[in-house]
Amino acid sequence: MRIALAEDHFLLRDGLVRLLGAHGHEVVAAVDGGTELLDALVGKRPDVAVVDVRLPPTFTDEGLRAVLTAREQLPDLPVLLLSQYVEPLYARELLAGGGRGVGYLLKDRVTNGAQFLDSIRRVAEGGTVMDPEVVAGLLVRKERDEAVGSLSAREREVLQWVAQGRSNAGIAQGLFISEKAVAKHIGNIFTKLGLLPTDGDNRRVLAVLAYLGQ
Amino acid sequence: MDRATRLGGNRPADESKEPKELKEPKGFSVMAGWVGLRRSLALCWTATAAFGRSLSVCGAISLMGPGLGLVPRAMEGIRDLAAHRRELALRWSGVEIPGPPGPLPPVPEGASGVVARYRWIMSDPQTRREYVWVLVDPLAGALLACLPLALVLSGAWGIFLAFFGVPLSAEWDGLWYQFIPIEGRATAVLAGVLGALQLPLALWAAPRVVRRHALYTRAMLAPSESELMAGRIRHLAATRSDAVDTQMAEIRRIERDLHDGAQARLVAMGMTLDAAENLLETDPEAVRALLVEARESSSKALAELRDLVRGIHPPVLADRGLADAVRSLALTCPVRTEVEIDLPGRPEMPVESAAYFAISEVLTNVAKHSGADRAWIDLRYDHGTLRITVTDDGHGGADVSRGTGLRGIERRLATFDGVLAVNSPVNGPTLVTMELPCVLPSPKTTSS
């Protein structure tokens with residue numbers, strides 16, 4: 001895959017370039033600022049962009065804004081945002097465009113290389129990857145709502161995994177239950193949330209996230 | 001509310017509020033005249049009340065017997081009357097008279113005699129001012145307030161004389177109406193005309209008299225500039241020491257959190273890595289387990305650092321400012337919260353931070369104690385004041401004096417001359433209002 005990278009810390013940027021290179025990806029741009037990032041995204045059209053939210057020159061949400069601007073021109077550009085903090089508000093803004101091919105993860109997740117690369121792949125394929133912390137933060141609020149409140153603890157757990165963009169098989173592996181049980185849980189969740197079952201993992205994820213982001 | 005008004009009294013004079021003061025009434029209007037006349041009569045009545053209270057305080061001072069006796073109680077009554085007059089001045093003339101900065105001074109132990117009573121009254125500038133006022137008001141205040149009434153009465157008398165002046169003058173051996181000797185038909189009619197002219201004059205004068213009266217009351221009752229300054233300095237000293245204490249406590253908390261959290265985890269991580277190094281040759285499986293453990297330690301350390309930073313200065317507040325930070329708070333609040341914001345710029349960072357943490361604390365209270373299903377945040381900037389209201393539909397009964405959380409907010413806001421008012425009747429709803437004076441550095445000129 002051709003990947004564009006924006007990260008202002010040299011050590012982390014270098015580490016990421018090496019990690020991605022070691023797994024056969026091509027880093028077409030490794031920049032350290034918001035304006036350079038925008039140029040790289042529009043100019044080089046990478047398969048996926050991995051972007052730190054906080055970038056120079058303002059050191060605020062430069063990365064997020066650059067990505068949102070770039071996606072106005074290239075709506076299908078997959079983006080994985082990394083941040084020291086996850087902010088539900090930013091997640092909502094990122095999802096507002098429809099939520100195809102977006103991801104938002106804590107920087108810590110980089111330390112689990114295999115999982116991190118898997119997230120990049122899923123975002124590049126048009127999936128949605130949300131950090132468990134974002135999902136948990138939004139769920140706190142929703143627990144009081146009747147619909148989400150009626151979910152069992154297990155179903156809520158499954159919902160969190162679904163929101164992270166996992167497939168049924170992945171969830172089954174992670175929760176040590178059978179794939180059939182996962183399918184049953186997901187069916188229950190959709191019934192309880194009043195969502196019509198639709199085909200395709202991505203659409204289900206989007207449905208759940210749309211609900212969470214309300 | 002009482003708390004807010006009291007603290008409000010310590011605020012520096014706000015320039016932007018000045019235009020609110022009602023201007024000298026202009027032109028002539030019968031309606032305004034009538035209203036003014038009624039008000040001046042009411043003011044006459046308060047002057048009578050002041051006379052009664054001045055008698056009571058003079059009586060209390062000169063009473064035989066030891067101790068201060070009834071003097072403080074009499075002064076209490078005078079203070080109430082003064083408060084009433086302040087209110088009238090504000091309501092009728094828009095003249096704001098700063099209130100008493102505090103309660104009556106404490107009564108000294110073992111004081112006795114007339115001298116001690118005087119000394120007690122004179123010891124406090126505000127009490128002294130009210131004492132002088134209550135002695136002067138039955139004369140000066142009453143004269144001023146009764147002027148329109150006197151004009152009306154004299155006008156009526158003039159008109160009366162136009163008809164019955166000639167026989168009356170004959171009976172009384174000559175009669176003067178003001179400067180007109182009533183001697184015959186012509187002079188009687190002249191008196192009538194003069195009297196009739198005085199009626200509109202009374203209506204014209206009444207609103208002006210009411211306003212003059214308010215200004216006179218302010219001159220009598222308002223604390224002097226230096227006294228206000230002294231109060232202001234006391235307030236500043238108190239809030240500064242509060243701010244320093246809070247800051248110190250905050251630094252201690254951060255130090256402790258770092259020491260017990262991230263630092264300890266990093267040490268543990270180092271030890272785990274050391275153990276892994278030693279086992280590298282002999283037991284690779286155990287090394288794998290240790291490395292997993294080390295990675296978990298690093299995630300936990302990062303998580304703790306994240307929480308810590310969020311408590312110091314939330315990233316979204318730094319990135320986006322107060323409006324979005326509050327939206328984010330509402331997004332993660334367990335209670336469904338609606339937000340309405342009208343903020344044309346970003347306040348200075350310390351103010352933003354104080355407002356953010358105050359709202360955060362109030363929302364935490366709502367989620368924890370109120371039992372509410374819904375909450376509403378309204379944040380707007382108007383006339384140099386950031387006004388925040390948080391409403392919930394919970395069971396109410398919140399009390400500033402009991403909750404340490406609310407007290408903390410109050411102290412935090414006081415550093416910026418902000419105030420907090422809580423209105424929370426039992427069975428709800430609870431309404432928390434916070435006001436922070438501040439300037440917006442880059443106000444938008446266009447309406448959006």
# chains A, B, ... in the order shown; residues from 1 in each chain; ligands from 1
call {"tool": "residues_around", "arguments": {"residues": "Val51 (chain A)", "least_positions_apart": "3", "cutoff": "6 Å", "atoms": "only C-alpha atoms", "output": "ChimeraX atom specification"}}
result
/A:5-6,81-82
call {"tool": "select_by_dssp", "arguments": {"residues": "region 37-213 of chain A", "states": "alpha helix (DSSP H)", "output": "JSON, numbers by chain"}}
result
{"A": [37, 38, 39, 40, 41, 42, 43, 44, 62, 63, 64, 65, 66, 67, 68, 69, 70, 71, 72, 73, 88, 89, 90, 91, 92, 93, 94, 95, 96, 113, 114, 115, 116, 117, 118, 119, 120, 121, 122, 123, 124, 132, 133, 134, 135, 136, 137, 138, 139, 140, 141, 142, 146, 147, 148, 149, 153, 154, 155, 156, 157, 158, 159, 160, 161, 162, 163, 168, 169, 170, 171, 172, 173, 174, 175, 179, 180, 181, 182, 183, 184, 185, 186, 187, 188, 189, 190, 191, 192, 193, 201, 202, 203, 204, 205, 206, 207, 208, 209, 210, 211, 212]}
call {"tool": "atom_distance", "arguments": {"atom1": "CA of Val132 (chain B)", "atom2": "CA of Met220 (chain B)"}}
result
8.1 Å
call {"tool": "closest_atom_pairs", "arguments": {"of": "chain B", "to": "chain A", "cutoff": "12 Å", "atoms": "only C-alpha atoms", "output": "Markdown table"}}
result
| residue | atom | partner | partner_atom | distance |
| --- | --- | --- | --- | --- |
| B:Leu291 | CA | A:Thr111 | CA | 11.6 |
| B:Val292 | CA | A:Asn112 | CA | 9.9 |
| B:Ala294 | CA | A:Thr111 | CA | 11.0 |
| B:Arg295 | CA | A:Thr111 | CA | 7.5 |
| B:Glu296 | CA | A:Thr111 | CA | 9.7 |
| B:Ser297 | CA | A:Asp108 | CA | 11.4 |
| B:Ser298 | CA | A:Asp108 | CA | 8.5 |
| B:Ser299 | CA | A:Asp108 | CA | 6.3 |
| B:Lys300 | CA | A:Asp108 | CA | 9.6 |
| B:Ala301 | CA | A:Asp108 | CA | 10.2 |
| B:Leu302 | CA | A:Asp108 | CA | 7.4 |
| B:Ala303 | CA | A:Asp108 | CA | 8.7 |
| B:Glu304 | CA | A:Tyr85 | CA | 11.4 |
| B:Leu305 | CA | A:Gln84 | CA | 9.8 |
| B:Arg306 | CA | A:Tyr85 | CA | 6.7 |
| B:Asp307 | CA | A:Tyr85 | CA | 9.1 |
| B:Leu308 | CA | A:Tyr85 | CA | 11.4 |
| B:Val309 | CA | A:Tyr85 | CA | 9.5 |
| B:Arg310 | CA | A:Tyr85 | CA | 8.7 |
| B:Pro314 | CA | A:Tyr85 | CA | 9.4 |
| B:Pro315 | CA | A:Tyr85 | CA | 7.6 |
| B:Val316 | CA | A:Glu87 | CA | 7.1 |
| B:Leu317 | CA | A:Thr60 | CA | 9.5 |
| B:Ala318 | CA | A:Thr60 | CA | 6.8 |
| B:Asp319 | CA | A:Thr60 | CA | 4.4 |
| B:Arg320 | CA | A:Thr60 | CA | 7.6 |
| B:Gly321 | CA | A:Thr60 | CA | 10.3 |
| B:Ala323 | CA | A:Leu89 | CA | 11.5 |
| B:Asp324 | CA | A:Leu89 | CA | 7.9 |
| B:Ala325 | CA | A:Leu89 | CA | 8.5 |
| B:Val326 | CA | A:Leu89 | CA | 10.1 |
| B:Arg327 | CA | A:Leu89 | CA | 7.6 |
| B:Ser328 | CA | A:Leu89 | CA | 5.4 |
| B:Leu329 | CA | A:Leu89 | CA | 9.0 |
| B:Ala330 | CA | A:Arg141 | CA | 9.0 |
| B:Leu331 | CA | A:Leu138 | CA | 7.1 |
| B:Thr332 | CA | A:Arg141 | CA | 5.6 |
| B:Cys333 | CA | A:Arg141 | CA | 5.6 |
| B:Pro334 | CA | A:Arg141 | CA | 3.9 |
| B:Val335 | CA | A:Arg141 | CA | 6.4 |
| B:Arg336 | CA | A:Arg141 | CA | 6.9 |
| B:Thr337 | CA | A:Arg141 | CA | 9.4 |
| B:Ala367 | CA | A:Arg141 | CA | 10.3 |
| B:Gly371 | CA | A:Arg144 | CA | 11.4 |
| B:Ala372 | CA | A:Arg144 | CA | 10.7 |
| B:Asp373 | CA | A:Arg144 | CA | 8.2 |
| B:Arg374 | CA | A:Arg144 | CA | 10.3 |
call {"tool": "write_last_selection", "arguments": {"atoms": "C-alpha atoms", "output": "mmCIF file, in the first residue's frame"}}
result
data_model
loop_
_atom_site.group_PDB
_atom_site.id
_atom_site.type_symbol
_atom_site.label_atom_id
_atom_site.label_comp_id
_atom_site.auth_asym_id
_atom_site.auth_seq_id
_atom_site.Cartn_x
_atom_site.Cartn_y
_atom_site.Cartn_z
ATOM 1 C CA LEU B 291 7.361 -8.313 27.394
ATOM 2 C CA VAL B 292 3.586 -8.407 27.151
ATOM 3 C CA ALA B 294 5.901 -4.427 30.015
ATOM 4 C CA ARG B 295 3.771 -3.274 27.124
ATOM 5 C CA GLU B 296 0.677 -3.293 29.315
ATOM 6 C CA SER B 297 2.531 -1.225 31.892
ATOM 7 C CA SER B 298 3.416 1.307 29.226
ATOM 8 C CA SER B 299 -0.217 1.563 28.074
ATOM 9 C CA LYS B 300 -1.390 2.041 31.614
ATOM 10 C CA ALA B 301 1.229 4.699 32.245
ATOM 11 C CA LEU B 302 0.098 6.484 29.094
ATOM 12 C CA ALA B 303 -3.544 6.206 30.123
ATOM 13 C CA GLU B 304 -2.759 7.735 33.495
ATOM 14 C CA LEU B 305 -0.786 10.559 31.920
ATOM 15 C CA ARG B 306 -3.707 11.191 29.604
ATOM 16 C CA ASP B 307 -6.156 11.454 32.482
ATOM 17 C CA LEU B 308 -3.777 13.739 34.307
ATOM 18 C CA VAL B 309 -3.422 16.101 31.360
ATOM 19 C CA ARG B 310 -7.165 16.097 30.833
ATOM 20 C CA PRO B 314 -8.180 19.377 28.327
ATOM 21 C CA PRO B 315 -6.780 19.099 24.793
ATOM 22 C CA VAL B 316 -10.092 19.952 23.143
ATOM 23 C CA LEU B 317 -10.194 23.196 25.132
ATOM 24 C CA ALA B 318 -6.698 24.066 23.954
ATOM 25 C CA ASP B 319 -7.513 23.119 20.350
ATOM 26 C CA ARG B 320 -10.973 24.462 19.854
ATOM 27 C CA GLY B 321 -11.826 26.755 22.715
ATOM 28 C CA ALA B 323 -17.616 26.327 22.836
ATOM 29 C CA ASP B 324 -16.449 23.018 21.414
ATOM 30 C CA ALA B 325 -15.038 21.882 24.733
ATOM 31 C CA VAL B 326 -18.472 22.361 26.298
ATOM 32 C CA ARG B 327 -20.079 20.499 23.398
ATOM 33 C CA SER B 328 -17.638 17.692 24.019
ATOM 34 C CA LEU B 329 -18.528 17.678 27.718
ATOM 35 C CA ALA B 330 -22.191 17.409 26.816
ATOM 36 C CA LEU B 331 -21.419 14.591 24.408
ATOM 37 C CA THR B 332 -19.868 12.422 27.104
ATOM 38 C CA CYS B 333 -22.136 13.426 29.963
ATOM 39 C CA PRO B 334 -24.256 10.463 31.105
ATOM 40 C CA VAL B 335 -27.268 12.762 31.231
ATOM 41 C CA ARG B 336 -28.621 13.782 27.828
ATOM 42 C CA THR B 337 -27.520 17.376 27.506
ATOM 43 C CA ALA B 367 -25.074 13.265 36.751
ATOM 44 C CA GLY B 371 -31.389 12.214 39.246
ATOM 45 C CA ALA B 372 -32.097 14.253 36.127
ATOM 46 C CA ASP B 373 -32.896 12.768 32.722
ATOM 47 C CA ARG B 374 -32.002 15.852 30.778
#
call {"tool": "residues_around", "arguments": {"residues": "Val57 (chain B)", "least_positions_apart": "6", "cutoff": "9 Å", "atoms": "only C-alpha atoms", "output": "ChimeraX atom specification"}}
result
/B:70-75,78,131
call {"tool": "residues_around", "arguments": {"residues": "Trp133 (chain B)", "least_positions_apart": "5", "cutoff": "9 Å", "atoms": "only C-alpha atoms", "output": "JSON list (two decimals) with N, CA and C atoms, in the first residue's frame"}}
result
[["chain", "number", "residue", "atom", "x", "y", "z"],
["B", 50, "ALA", "N", -38.58, 57.15, 58.03],
["B", 50, "ALA", "CA", -37.23, 57.47, 58.51],
["B", 50, "ALA", "C", -37.30, 58.29, 59.79],
["B", 82, "ALA", "N", -33.06, 51.62, 54.53],
["B", 82, "ALA", "CA", -32.09, 52.08, 53.53],
["B", 82, "ALA", "C", -32.10, 51.15, 52.33],
["B", 128, "ARG", "N", -22.38, 54.44, 60.31],
["B", 128, "ARG", "CA", -22.35, 55.88, 60.57],
["B", 128, "ARG", "C", -23.12, 56.63, 59.49],
["B", 138, "PRO", "N", -35.64, 62.90, 57.30],
["B", 138, "PRO", "CA", -36.98, 63.43, 57.59],
["B", 138, "PRO", "C", -37.09, 64.91, 57.23],
["B", 217, "THR", "N", -30.22, 60.41, 47.64],
["B", 217, "THR", "CA", -30.09, 59.19, 48.46],
["B", 217, "THR", "C", -28.74, 58.53, 48.21],
["B", 220, "MET", "N", -26.08, 60.30, 50.02],
["B", 220, "MET", "CA", -26.12, 60.04, 51.47],
["B", 220, "MET", "C", -25.63, 58.64, 51.82],
["B", 221, "LEU", "N", -26.02, 57.65, 50.99],
["B", 221, "LEU", "CA", -25.84, 56.26, 51.40],
["B", 221, "LEU", "C", -24.67, 55.54, 50.75]]
call {"tool": "select_by_dssp", "arguments": {"residues": "region 145-243 of chain B", "states": "strand (DSSP E)", "output": "compact mmCIF listing (two decimals) with N, CA and C atoms, in the first residue's frame"}}
result
# COMPACT_ATOMS: atom_id res chain seq x y z
N LEU B 175 -55.55 89.26 52.26
CA LEU B 175 -55.06 87.90 52.05
C LEU B 175 -54.04 87.93 50.92
N TRP B 176 -52.94 87.25 51.11
CA TRP B 176 -51.91 87.19 50.06
C TRP B 176 -51.90 85.79 49.46
N TYR B 177 -51.89 85.78 48.11
CA TYR B 177 -51.57 84.49 47.47
C TYR B 177 -50.18 84.64 46.89
N ILE B 180 -49.16 87.97 45.52
CA ILE B 180 -50.30 88.77 45.04
C ILE B 180 -51.23 89.11 46.20
N PRO B 181 -51.37 90.36 46.50
CA PRO B 181 -52.37 90.73 47.52
C PRO B 181 -53.76 90.66 46.90
N ILE B 182 -54.63 89.91 47.49
CA ILE B 182 -55.97 89.75 46.91
C ILE B 182 -56.85 90.87 47.43
